[in-house]
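So this one's coords_3.cif, mmCIF, C-alpha atoms:
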data_model
loop_
_atom_site.label_atom_id
_atom_site.label_comp_id
_atom_site.auth_asym_id
_atom_site.auth_seq_id
_atom_site.Cartn_x
_atom_site.Cartn_y
_atom_site.Cartn_z
CA MET A 1022 130.37 104.78 129.58
CA GLN A 1023 132.52 101.65 129.83
CA THR A 1024 129.85 99.67 127.99
CA MET A 1025 129.95 102.17 125.14
CA MET A 1026 133.74 102.26 125.07
CA LYS A 1027 134.04 98.52 124.43
CA TYR A 1028 132.65 99.07 120.94
CA TYR A 1029 135.19 101.77 120.08
CA LYS A 1030 138.48 100.52 121.59
CA GLY A 1031 139.76 99.12 118.29
CA SER A 1032 138.70 102.20 116.35
CA ILE A 1033 140.35 104.56 118.83
CA LEU A 1034 143.58 102.53 118.73
CA LEU A 1035 143.58 102.59 114.93
CA SER A 1036 142.93 106.34 114.90
CA VAL A 1037 145.98 106.90 117.14
CA LEU A 1038 148.18 104.70 114.94
CA GLY A 1039 146.75 106.33 111.82
CA GLY A 1040 147.42 109.80 113.22
CA VAL A 1041 151.05 108.91 113.93
CA CYS A 1042 151.47 107.50 110.41
CA ALA A 1043 149.79 110.55 108.85
CA PHE A 1044 152.10 112.87 110.78
CA PHE A 1045 155.25 111.10 109.59
CA ILE A 1046 153.97 110.89 106.01
CA GLY A 1047 153.31 114.63 106.01
CA GLN A 1048 156.71 115.30 107.54
CA TYR A 1049 158.38 113.08 104.93
CA TYR A 1050 156.83 114.93 101.98
CA SER A 1051 157.32 118.42 103.40
CA SER A 1052 160.46 117.92 105.55
CA SER A 1053 158.85 120.09 108.22
CA LEU A 1054 156.91 119.85 111.46
CA ALA A 1055 154.16 122.01 109.98
CA GLY A 1056 153.75 119.55 107.11
CA GLY A 1057 153.34 116.68 109.57
CA LEU A 1058 150.73 118.56 111.60
CA SER A 1059 148.90 119.54 108.41
CA ALA A 1060 148.73 115.90 107.29
CA LEU A 1061 147.44 114.88 110.73
CA PHE A 1062 144.73 117.55 110.51
CA LEU A 1063 143.70 116.47 106.98
CA ALA A 1064 143.50 112.80 108.03
CA THR A 1065 141.27 113.81 110.96
CA VAL A 1066 139.01 115.87 108.68
CA LEU A 1067 138.70 112.93 106.29
CA SER A 1068 137.84 110.56 109.16
CA VAL A 1069 135.07 112.85 110.42
CA LEU A 1070 133.79 113.32 106.87
CA GLU A 1071 133.71 109.55 106.30
CA ILE A 1072 131.75 108.97 109.52
CA SER A 1073 129.22 111.68 108.70
CA LEU A 1074 128.76 110.41 105.14
CA SER A 1075 128.51 106.74 106.16
CA PHE A 1076 126.35 106.82 109.29
CA ASP A 1077 123.33 105.88 107.19
CA ASN A 1078 125.44 103.03 105.80
CA ALA A 1079 126.00 101.80 109.36
CA VAL A 1080 122.23 101.75 109.96
CA VAL A 1081 121.55 99.76 106.77
CA ASN A 1082 124.43 97.41 107.57
CA ALA A 1083 122.89 96.78 110.98
CA ILE A 1084 119.47 96.08 109.40
CA VAL A 1085 120.98 93.37 107.19
CA LEU A 1086 123.48 92.04 109.74
CA LYS A 1087 120.82 91.20 112.31
CA LYS A 1088 119.34 88.74 109.77
CA MET A 1089 122.68 86.97 109.22
CA THR A 1090 124.11 84.04 111.16
CA PRO A 1091 126.73 84.90 113.84
CA LEU A 1092 129.42 83.30 111.64
CA TRP A 1093 128.67 85.52 108.65
CA GLN A 1094 128.27 88.55 110.90
CA ARG A 1095 131.85 88.01 112.10
CA ARG A 1096 133.05 87.45 108.55
CA PHE A 1097 131.52 90.71 107.37
CA LEU A 1098 132.93 92.63 110.32
CA THR A 1099 136.43 91.25 109.62
CA TRP A 1100 136.72 90.51 105.88
CA GLY A 1101 134.30 93.27 105.02
CA VAL A 1102 136.28 95.87 106.92
CA LEU A 1103 139.55 94.72 105.33
CA ILE A 1104 137.94 95.10 101.91
CA ALA A 1105 136.48 98.49 102.87
CA VAL A 1106 139.69 99.90 104.39
CA PHE A 1107 142.35 98.47 102.10
CA GLY A 1108 140.37 97.39 99.06
CA MET A 1109 138.26 100.49 98.46
CA ARG A 1110 140.60 103.08 99.98
CA LEU A 1111 143.90 101.85 98.49
CA VAL A 1112 143.50 99.10 95.88
CA PHE A 1113 140.44 100.55 94.10
CA PRO A 1114 142.01 103.98 93.41
CA LEU A 1115 145.18 102.29 92.16
CA LEU A 1116 143.24 99.97 89.84
CA LEU A 1117 141.10 102.86 88.58
CA VAL A 1118 144.12 105.04 87.79
CA GLY A 1119 145.79 102.01 86.23
CA VAL A 1120 142.84 101.45 83.88
CA VAL A 1121 142.47 105.13 82.95
CA ALA A 1122 146.22 105.74 82.48
CA HIS A 1123 147.03 102.22 81.18
CA LEU A 1124 149.38 101.50 84.09
CA ASN A 1125 149.86 98.41 86.21
CA PRO A 1126 149.02 98.79 89.95
CA ILE A 1127 152.70 99.06 90.94
CA ASP A 1128 153.30 101.93 88.50
CA ALA A 1129 150.09 103.57 89.73
CA LEU A 1130 151.36 103.28 93.31
CA VAL A 1131 154.69 104.83 92.30
CA MET A 1132 152.81 107.67 90.61
CA ALA A 1133 150.71 108.22 93.75
CA ALA A 1134 153.90 108.44 95.83
CA THR A 1135 156.02 110.55 93.47
CA LYS A 1136 153.52 112.52 91.34
CA PRO A 1137 150.44 113.03 93.57
CA ASP A 1138 149.09 115.94 91.47
CA GLU A 1139 149.12 113.88 88.27
CA TYR A 1140 147.63 110.91 90.13
CA ALA A 1141 144.80 113.03 91.56
CA GLN A 1142 144.02 114.51 88.14
CA ILE A 1143 143.63 111.04 86.61
CA MET A 1144 141.48 109.91 89.55
CA LEU A 1145 139.18 112.91 89.27
CA SER A 1146 138.81 112.40 85.51
CA ALA A 1147 136.86 109.20 86.24
CA HIS A 1148 134.43 110.95 88.59
CA VAL A 1149 131.48 110.99 86.17
CA SER A 1150 131.54 107.23 85.58
CA ILE A 1151 132.08 106.42 89.26
CA ALA A 1152 129.25 108.72 90.38
CA ALA A 1153 126.84 107.29 87.80
CA TYR A 1154 127.60 103.70 88.86
CA GLY A 1155 127.42 104.33 92.61
CA GLY A 1156 124.43 106.67 92.31
CA ALA A 1157 122.39 104.14 90.32
CA PHE A 1158 123.12 101.34 92.78
CA LEU A 1159 122.26 103.48 95.83
CA MET A 1160 119.09 104.81 94.17
CA MET A 1161 117.93 101.23 93.62
CA VAL A 1162 118.63 100.43 97.30
CA ALA A 1163 116.52 103.39 98.47
CA LEU A 1164 113.68 102.93 95.99
CA LYS A 1165 113.42 99.21 96.67
CA TYR A 1166 112.79 100.01 100.32
CA PHE A 1167 110.10 102.65 99.72
CA PHE A 1168 108.37 100.79 96.84
CA GLU A 1169 107.82 97.77 99.11
CA GLU A 1170 104.12 96.93 98.67
CA GLY A 1171 103.82 95.24 102.06
CA LYS A 1172 105.46 98.13 103.93
CA ASP A 1173 102.98 99.21 106.61
CA VAL A 1174 105.13 101.37 108.91
CA HIS A 1175 105.52 104.85 107.46
CA TRP A 1176 107.48 107.76 108.89
CA ILE A 1177 106.38 110.51 106.48
CA SER A 1178 103.05 108.95 105.54
CA VAL A 1179 102.04 111.57 102.97
CA ILE A 1180 105.06 110.53 100.88
CA GLU A 1181 105.60 106.89 101.79
CA ALA A 1182 102.04 105.53 101.69
CA PRO A 1183 101.40 106.42 98.00
CA ILE A 1184 104.89 105.25 97.03
CA ALA A 1185 104.33 101.90 98.75
CA LYS A 1186 101.14 101.43 96.69
CA LEU A 1187 103.14 102.04 93.51
CA GLY A 1188 105.19 99.02 94.52
CA ARG A 1189 102.42 96.89 93.00
CA MET A 1190 103.84 97.87 89.61
CA GLU A 1191 106.51 95.42 88.51
CA ALA A 1192 110.06 96.86 88.44
CA VAL A 1193 108.88 100.43 89.05
CA GLU A 1194 112.16 101.26 90.85
CA ILE A 1195 114.12 100.25 87.74
CA ALA A 1196 112.03 102.58 85.60
CA VAL A 1197 112.52 105.50 88.00
CA THR A 1198 116.28 104.92 88.13
CA LEU A 1199 116.57 104.74 84.33
CA ILE A 1200 114.53 107.93 83.91
CA THR A 1201 116.75 109.69 86.47
CA LEU A 1202 119.87 108.53 84.64
CA TYR A 1203 118.47 109.78 81.34
CA ILE A 1204 117.59 113.20 82.81
CA PHE A 1205 121.06 113.71 84.33
CA SER A 1206 122.80 112.43 81.20
CA GLY A 1207 121.35 115.46 79.39
CA PHE A 1208 123.45 117.75 81.59
CA GLN A 1209 126.75 115.95 80.88
CA LEU A 1210 129.38 117.12 78.43
CA GLU A 1211 128.86 115.59 75.00
CA HIS A 1212 131.85 113.24 75.24
CA GLU A 1213 130.78 112.01 78.72
CA LYS A 1214 127.07 111.34 78.10
CA MET A 1215 127.54 107.77 76.92
CA SER A 1216 129.99 106.81 79.69
CA PHE A 1217 127.57 108.29 82.26
CA LEU A 1218 124.67 106.22 80.92
CA ILE A 1219 126.67 103.02 80.53
CA SER A 1220 128.16 103.30 84.03
CA GLY A 1221 124.74 104.02 85.51
CA ILE A 1222 123.20 101.03 83.75
CA TRP A 1223 126.00 98.82 85.08
CA GLY A 1224 125.25 100.10 88.58
CA LEU A 1225 121.61 99.16 88.08
CA VAL A 1226 122.55 95.74 86.66
CA THR A 1227 124.87 95.14 89.61
CA TYR A 1228 122.03 95.80 92.03
CA ILE A 1229 119.69 93.45 90.15
CA ALA A 1230 122.38 90.74 90.06
CA VAL A 1231 123.27 91.02 93.76
CA ASP A 1232 119.61 91.24 94.80
CA GLY A 1233 118.79 88.27 92.56
CA ILE A 1234 121.61 86.15 94.01
CA GLY A 1235 120.43 87.04 97.51
CA ALA A 1236 116.82 86.13 96.69
CA PHE A 1237 117.95 82.83 95.15
CA LEU A 1238 120.02 81.89 98.18
CA GLN A 1239 117.19 82.84 100.55
CA SER A 1240 114.53 80.84 98.67
CA PRO A 1241 114.46 77.20 99.82
CA ASP A 1242 113.23 74.36 97.65
CA GLU A 1243 109.79 72.98 98.45
CA THR A 1244 111.35 70.09 100.41
CA GLU A 1245 113.92 72.23 102.28
CA GLN A 1246 113.95 74.79 105.03
CA LEU A 1247 115.66 78.15 104.64
CA ASP A 1248 119.43 77.66 104.86
CA LEU A 1249 120.52 80.67 106.93
CA ASN A 1250 124.16 80.21 105.94
CA LYS A 1251 123.27 80.36 102.23
CA ALA A 1252 121.03 83.35 102.85
CA SER A 1253 123.84 85.04 104.77
CA VAL A 1254 126.18 84.64 101.79
CA GLY A 1255 123.74 86.63 99.65
CA MET A 1256 123.42 89.32 102.31
CA PHE A 1257 127.22 89.45 102.64
CA LEU A 1258 127.56 90.13 98.89
CA TYR A 1259 124.84 92.80 99.09
CA LEU A 1260 126.60 94.59 101.95
CA GLU A 1261 129.98 94.50 100.20
CA VAL A 1262 128.60 96.15 97.05
CA LEU A 1263 126.61 98.61 99.19
CA ASP A 1264 129.76 99.57 101.11
CA ALA A 1265 131.66 99.99 97.86
CA SER A 1266 128.94 102.25 96.43
CA PHE A 1267 129.01 104.39 99.56
CA SER A 1268 132.78 104.73 99.43
CA PHE A 1269 133.05 105.61 95.70
CA ASP A 1270 132.07 109.23 96.12
CA GLY A 1271 133.98 109.59 99.38
CA VAL A 1272 137.22 108.35 97.82
CA VAL A 1273 136.92 110.67 94.82
CA GLY A 1274 135.74 113.59 96.95
CA ALA A 1275 138.70 113.16 99.29
CA PHE A 1276 140.99 114.33 96.49
CA ALA A 1277 139.38 117.76 96.84
CA ILE A 1278 140.91 117.88 100.34
CA THR A 1279 144.32 116.32 99.65
CA ASN A 1280 145.99 114.61 96.69
CA ASN A 1281 148.05 112.29 98.91
CA LEU A 1282 146.68 108.76 98.49
CA PHE A 1283 148.22 107.56 101.75
CA ILE A 1284 146.64 110.35 103.84
CA ILE A 1285 143.32 109.60 102.14
CA MET A 1286 143.61 105.89 102.94
CA ILE A 1287 144.43 106.61 106.59
CA GLY A 1288 141.67 109.18 107.05
CA LEU A 1289 138.91 107.23 105.30
CA GLY A 1290 140.13 103.93 106.77
CA VAL A 1291 139.87 105.25 110.34
CA GLY A 1292 136.42 106.60 109.54
CA ALA A 1293 135.37 103.20 108.13
CA MET A 1294 136.51 101.52 111.36
CA PHE A 1295 134.32 103.86 113.44
CA VAL A 1296 131.39 103.08 111.12
CA ARG A 1297 132.07 99.38 111.80
CA SER A 1298 131.97 100.07 115.56
CA ILE A 1299 128.67 101.94 115.20
CA THR A 1300 127.25 99.02 113.21
CA ILE A 1301 128.20 96.50 115.91
CA MET A 1302 126.68 98.70 118.63
CA LEU A 1303 123.42 99.07 116.70
CA VAL A 1304 123.14 95.29 116.28
CA ASP A 1305 124.10 94.40 119.86
CA LYS A 1306 121.83 96.96 121.49
CA GLY A 1307 118.86 96.32 119.20
CA THR A 1308 118.64 100.04 118.50
CA LEU A 1309 116.77 99.57 115.23
CA SER A 1310 113.95 97.73 116.99
CA GLU A 1311 113.80 100.38 119.69
CA TYR A 1312 113.59 103.32 117.27
CA ARG A 1313 111.00 102.43 114.63
CA TYR A 1314 111.77 105.24 112.14
CA LEU A 1315 115.57 105.09 112.23
CA GLU A 1316 115.88 102.88 109.17
CA HIS A 1317 113.44 105.15 107.30
CA GLY A 1318 115.81 108.04 107.92
CA ALA A 1319 118.77 105.97 106.70
CA PHE A 1320 117.05 105.09 103.42
CA TYR A 1321 116.01 108.71 102.86
CA ALA A 1322 119.68 109.63 103.38
CA ILE A 1323 120.75 106.96 100.86
CA GLY A 1324 118.30 108.31 98.28
CA ILE A 1325 119.57 111.84 98.81
CA LEU A 1326 123.18 110.65 98.49
CA ALA A 1327 122.28 108.97 95.18
CA VAL A 1328 120.78 112.19 93.79
CA ILE A 1329 123.76 114.20 95.06
CA MET A 1330 126.15 111.79 93.32
CA PHE A 1331 124.29 112.37 90.05
CA ALA A 1332 124.09 116.13 90.60
CA GLY A 1333 127.78 116.21 91.52
CA THR A 1334 128.65 115.25 87.94
CA VAL A 1335 127.14 118.56 86.82
CA LYS A 1336 128.22 120.89 89.63
CA HIS A 1337 130.51 120.22 92.57
CA ILE A 1338 128.58 119.79 95.81
CA PRO A 1339 130.68 120.12 98.98
CA GLU A 1340 130.94 116.85 100.90
CA VAL A 1341 129.95 118.65 104.10
CA ILE A 1342 126.48 119.31 102.60
CA THR A 1343 126.07 115.62 101.79
CA GLY A 1344 127.09 114.64 105.31
CA LEU A 1345 124.86 117.21 106.98
CA LEU A 1346 121.79 116.25 104.93
CA GLY A 1347 122.22 112.57 105.72
CA ALA A 1348 122.81 113.26 109.41
CA ALA A 1349 119.79 115.59 109.51
CA PHE A 1350 117.40 112.92 108.20
CA ILE A 1351 118.71 110.33 110.65
CA ALA A 1352 118.48 112.81 113.54
CA MET A 1353 114.88 113.71 112.60
CA ALA A 1354 113.97 110.02 112.29
CA LEU A 1355 115.50 109.37 115.72
CA TYR A 1356 113.55 112.29 117.22
CA SER A 1357 110.30 111.06 115.66
CA SER A 1358 110.97 107.57 117.02
CA ILE A 1359 111.52 108.90 120.55
CA ARG A 1360 108.27 110.91 120.34
CA TRP A 1361 106.40 107.81 119.12
CA ASN A 1362 107.85 105.71 121.96
CA LYS A 1363 106.74 108.28 124.56
CA LYS A 1364 103.28 108.56 123.04
CA HIS A 1365 102.77 104.78 123.06
CA ALA A 1366 104.65 104.01 126.28
CA HIS A 1367 101.49 102.90 128.08
CA SER A 1368 99.71 101.36 125.11
#
I'd like the structure from this file rewritten - as structure tokens, please.
Amino acid sequence: MQTMMKYYKGSILLSVLGGVCAFFIGQYYSSSLAGGLSALFLATVLSVLEISLSFDNAVVNAIVLKKMTPLWQRRFLTWGVLIAVFGMRLVFPLLLVGVVAHLNPIDALVMAATKPDEYAQIMLSAHVSIAAYGGAFLMMVALKYFFEEGKDVHWISVIEAPIAKLGRMEAVEIAVTLITLYIFSGFQLEHEKMSFLISGIWGLVTYIAVDGIGAFLQSPDETEQLDLNKASVGMFLYLEVLDASFSFDGVVGAFAITNNLFIIMIGLGVGAMFVRSITIMLVDKGTLSEYRYLEHGAFYAIGILAVIMFAGTVKHIPEVITGLLGAAFIAMALYSSIRWNKKHAHS
């Protein structure tokens, strides 16, 4: 128990501090004890929601982190968390509202503090573009994994084996993503079709750019050995964009629970810290090597999240469904891994 607790001390401390802040913020806006308790409850709900939505992100983070040098692992777990907690949960919404409403970040912050309903309405108006961008990036992440020609470990073989063979086709994952974007664009309102397509294409281009930079940094010249520090830089960039794509829908979806930016930042920030703790534990304990299908489950969950982000531009899908589906795939992958380990224990 003590061994497990060492991974979560910082997250627990932050959750206590966050809960105190949320209580006083709620009390300030409502001038009542009930308002403070309500804000504390909402922050807790958002934290749990963030953890459930991002557990698959923690698994993928751990897959990439174990390939990085210790220096760049520490940098991701410090700088990356600062970017995730403050950048994506506070700065990104302010910049987005600033762009949509033609405001500078300070004015957007003032609006969030004094006119939360108006702020939330502007934030939600950008949902289609955000979902298209994040969905396209995440779909590329999932498809790239399953279209890997050399992939020889399959969890659901009837699905994965044929898909892996299709990986021989050049850029097949790009074609599938573009077709998916085109299909979902047909369900958008007329004035949002173009922004949906353009945002989705930018998400696809971002993946290609980040993946290309990573491949370049990981490919040594003929006279050189692989520079792990350079390779780690590419993986760091990949993880930052991946984290951002995961958080897009969570940030926008949080406004369905509360329109208070500060409660959202606290709730999602605490959740992001617990995801960081889970990531560190997975890397330290070598869990991914022990459970052979766990990363399969994570990439299935990412693919489902991508489709849900697209579908969410047509009809609202409760965040709890997204979280439960992702958790279900990871739980099933974990169960299958345990069964495989028992079956081959004496092999």
| task | Go ahead and compute the interatomic distance for atom CA of Ile1033 of chain A and atom CA of Met1294 of chain A, in Å to one decimal. | result |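 Spanning atom CA of Ile1033 of chain A to atom CA of Met1294 of chain A is a straight-line distance of 8.9 Å.
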* If you apply the PyMOL selection byres ((chain A and resi 1268) around 12) to this file, what residues do you get, as number ranges by chain? -> A: 1070-1072, 1074-1076, 1078, 1104-1111, 1113-1114, 1151-1152, 1154-1156, 1159, 1261-1267, 1269-1275, 1285-1286, 1289-1290, 1292-1293, 1296, 1326, 1330
Contacts of segment 1315-1368 of chain A with segment 1195-1205 of chain A up to 10 Å, shortest pair per row, all atoms listed in the file, as JSON lines:
{"residue": "A:Val1328", "atom": "CA", "partner": "A:Thr1201", "partner_atom": "CA", "distance": 8.7}
{"residue": "A:Phe1331", "atom": "CA", "partner": "A:Phe1205", "partner_atom": "CA", "distance": 6.7}
{"residue": "A:Ala1332", "atom": "CA", "partner": "A:Phe1205", "partner_atom": "CA", "distance": 7.4}
{"residue": "A:Thr1334", "atom": "CA", "partner": "A:Phe1205", "partner_atom": "CA", "distance": 8.5}
{"residue": "A:Val1335", "atom": "CA", "partner": "A:Phe1205", "partner_atom": "CA", "distance": 8.2}
- prompt: Closest to Ile1229 of chain A among A:Met1190, A:Leu1346, A:Leu1034, A:Met1161, using only C-alpha atoms?
  reply: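 Smallest distance to Ile1229 of chain A is found for A:Met1161.
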Using all atoms listed in the file, the best pick from A:Ala1252, A:Met1215, A:Leu1260, A:Ser1220 as closest to Ala1157 of chain A would be A:Ser1220
Residue contacts of Leu1164 of chain A (12 Å, all atoms listed in the file) excluding same-chain residues fewer than 5 positions away, as an mmCIF file with C-alpha atoms, in the frame of the given file:
data_model
loop_
_atom_site.group_PDB
_atom_site.id
_atom_site.type_symbol
_atom_site.label_atom_id
_atom_site.label_comp_id
_atom_site.auth_asym_id
_atom_site.auth_seq_id
_atom_site.Cartn_x
_atom_site.Cartn_y
_atom_site.Cartn_z
ATOM 1 C CA GLY A 1156 124.430 106.670 92.310
ATOM 2 C CA ALA A 1157 122.390 104.140 90.320
ATOM 3 C CA PHE A 1158 123.120 101.340 92.780
ATOM 4 C CA LEU A 1159 122.260 103.480 95.830
ATOM 5 C CA GLU A 1169 107.820 97.770 99.110
ATOM 6 C CA GLU A 1170 104.120 96.930 98.670
ATOM 7 C CA GLU A 1181 105.600 106.890 101.790
ATOM 8 C CA ILE A 1184 104.890 105.250 97.030
ATOM 9 C CA ALA A 1185 104.330 101.900 98.750
ATOM 10 C CA LEU A 1187 103.140 102.040 93.510
ATOM 11 C CA GLY A 1188 105.190 99.020 94.520
ATOM 12 C CA ALA A 1192 110.060 96.860 88.440
ATOM 13 C CA VAL A 1193 108.880 100.430 89.050
ATOM 14 C CA GLU A 1194 112.160 101.260 90.850
ATOM 15 C CA ILE A 1195 114.120 100.250 87.740
ATOM 16 C CA ALA A 1196 112.030 102.580 85.600
ATOM 17 C CA VAL A 1197 112.520 105.500 88.000
ATOM 18 C CA THR A 1198 116.280 104.920 88.130
ATOM 19 C CA LEU A 1225 121.610 99.160 88.080
ATOM 20 C CA TYR A 1228 122.030 95.800 92.030
ATOM 21 C CA HIS A 1317 113.440 105.150 107.300
ATOM 22 C CA PHE A 1320 117.050 105.090 103.420
ATOM 23 C CA TYR A 1321 116.010 108.710 102.860
ATOM 24 C CA ALA A 1322 119.680 109.630 103.380
ATOM 25 C CA ILE A 1323 120.750 106.960 100.860
ATOM 26 C CA GLY A 1324 118.300 108.310 98.280
ATOM 27 C CA ILE A 1325 119.570 111.840 98.810
ATOM 28 C CA ALA A 1327 122.280 108.970 95.180
ATOM 29 C CA VAL A 1328 120.780 112.190 93.790
#
Separating atom CA of Lys1186 of chain A from atom CA of Phe1168 of chain A, to the nearest tenth of an Å, is a gap of 7.3 Å
Min atom-atom distance to Leu1145 of chain A from the set A:Leu1117, A:Met1302, A:Val1112, A:Met1160, counting all atoms listed in the file, belongs to A:Leu1117
Checklist line | d(atom CA of Pro1137 of chain A, atom CA of Val1118 of chain A) in Å | finding: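 The value is 11.7 Å.
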Q: Mind checking which residues fall within 7 Å of Ser1253 of chain A, counting all atoms listed in the file, ignoring those fewer than 5 positions away in the same chain, and posting them as a list in words?
A: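 Contacts, with the query itself left out: Met1089, Thr1090 and Trp1093 of chain A.
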(request) Name the residues in contact with Val1304 of chain A at a cut-off of 8 Å, using only C-alpha atoms, excluding same-chain residues fewer than 5 positions from it; report them as an NGL selection string. (result) :A and (1083-1084 or 1086-1087 or 1309)
Residue members of the PyMOL selection byres ((chain A and resi 1056-1065) around 9) in the file shown, as a VMD selection string:
chain A and resid 1036 1039 to 1055 1066 to 1070 1278 to 1279 1284 to 1289 1291 to 1292
Residue with the minimum atom-to-atom distance to Ile1222 of chain A, picked from A:Met1353, A:Ala1236, A:Ala1134, A:Ala1153 with all atoms listed in the file counted, is A:Ala1153
For Ile1143 of chain A, the closest of A:Phe1276, A:Trp1176, A:Gly1207, A:Glu1213 counting all atoms listed in the file is A:Phe1276
Between A:Val1254, A:Ile1177, A:Pro1183, A:Ala1319, smallest distance to Val1162 of chain A by only C-alpha atoms belongs to A:Ala1319
Reconstructed N, CA and C atoms for segment 1216-1233 of chain A, given as an mmCIF file, in the coordinates of the input:
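Below is the file that was written, selection.cif:
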data_model
loop_
_atom_site.group_PDB
_atom_site.id
_atom_site.type_symbol
_atom_site.label_atom_id
_atom_site.label_comp_id
_atom_site.auth_asym_id
_atom_site.auth_seq_id
_atom_site.Cartn_x
_atom_site.Cartn_y
_atom_site.Cartn_z
ATOM 1 N N SER A 1216 129.335 107.491 78.561
ATOM 2 C CA SER A 1216 129.990 106.810 79.690
ATOM 3 C C SER A 1216 129.144 106.948 80.953
ATOM 4 N N PHE A 1217 128.460 108.101 81.113
ATOM 5 C CA PHE A 1217 127.570 108.290 82.260
ATOM 6 C C PHE A 1217 126.430 107.269 82.217
ATOM 7 N N LEU A 1218 125.792 107.150 81.051
ATOM 8 C CA LEU A 1218 124.670 106.220 80.920
ATOM 9 C C LEU A 1218 125.097 104.768 81.091
ATOM 10 N N ILE A 1219 126.196 104.401 80.457
ATOM 11 C CA ILE A 1219 126.670 103.020 80.530
ATOM 12 C C ILE A 1219 127.048 102.656 81.971
ATOM 13 N N SER A 1220 127.765 103.555 82.648
ATOM 14 C CA SER A 1220 128.160 103.300 84.030
ATOM 15 C C SER A 1220 126.936 103.188 84.934
ATOM 16 N N GLY A 1221 125.956 104.079 84.722
ATOM 17 C CA GLY A 1221 124.740 104.020 85.510
ATOM 18 C C GLY A 1221 123.968 102.731 85.302
ATOM 19 N N ILE A 1222 123.899 102.294 84.055
ATOM 20 C CA ILE A 1222 123.200 101.030 83.750
ATOM 21 C C ILE A 1222 123.920 99.858 84.403
ATOM 22 N N TRP A 1223 125.251 99.892 84.408
ATOM 23 C CA TRP A 1223 126.000 98.820 85.080
ATOM 24 C C TRP A 1223 125.755 98.837 86.582
ATOM 25 N N GLY A 1224 125.594 100.021 87.158
ATOM 26 C CA GLY A 1224 125.250 100.100 88.580
ATOM 27 C C GLY A 1224 123.896 99.472 88.847
ATOM 28 N N LEU A 1225 122.939 99.739 87.961
ATOM 29 C CA LEU A 1225 121.610 99.160 88.080
ATOM 30 C C LEU A 1225 121.658 97.641 87.910
ATOM 31 N N VAL A 1226 122.412 97.189 86.907
ATOM 32 C CA VAL A 1226 122.550 95.740 86.660
ATOM 33 C C VAL A 1226 123.209 95.050 87.848
ATOM 34 N N THR A 1227 124.208 95.713 88.439
ATOM 35 C CA THR A 1227 124.870 95.140 89.610
ATOM 36 C C THR A 1227 123.890 94.944 90.745
ATOM 37 N N TYR A 1228 123.028 95.937 90.974
ATOM 38 C CA TYR A 1228 122.030 95.800 92.030
ATOM 39 C C TYR A 1228 121.102 94.614 91.742
ATOM 40 N N ILE A 1229 120.612 94.540 90.514
ATOM 41 C CA ILE A 1229 119.690 93.450 90.150
ATOM 42 C C ILE A 1229 120.370 92.096 90.337
ATOM 43 N N ALA A 1230 121.648 92.005 89.933
ATOM 44 C CA ALA A 1230 122.380 90.740 90.060
ATOM 45 C C ALA A 1230 122.569 90.353 91.524
ATOM 46 N N VAL A 1231 123.027 91.309 92.343
ATOM 47 C CA VAL A 1231 123.270 91.020 93.760
ATOM 48 C C VAL A 1231 121.956 90.708 94.476
ATOM 49 N N ASP A 1232 120.915 91.477 94.183
ATOM 50 C CA ASP A 1232 119.610 91.240 94.800
ATOM 51 C C ASP A 1232 119.051 89.889 94.354
ATOM 52 N N GLY A 1233 119.266 89.558 93.076
ATOM 53 C CA GLY A 1233 118.790 88.270 92.560
ATOM 54 C C GLY A 1233 119.514 87.101 93.195
#
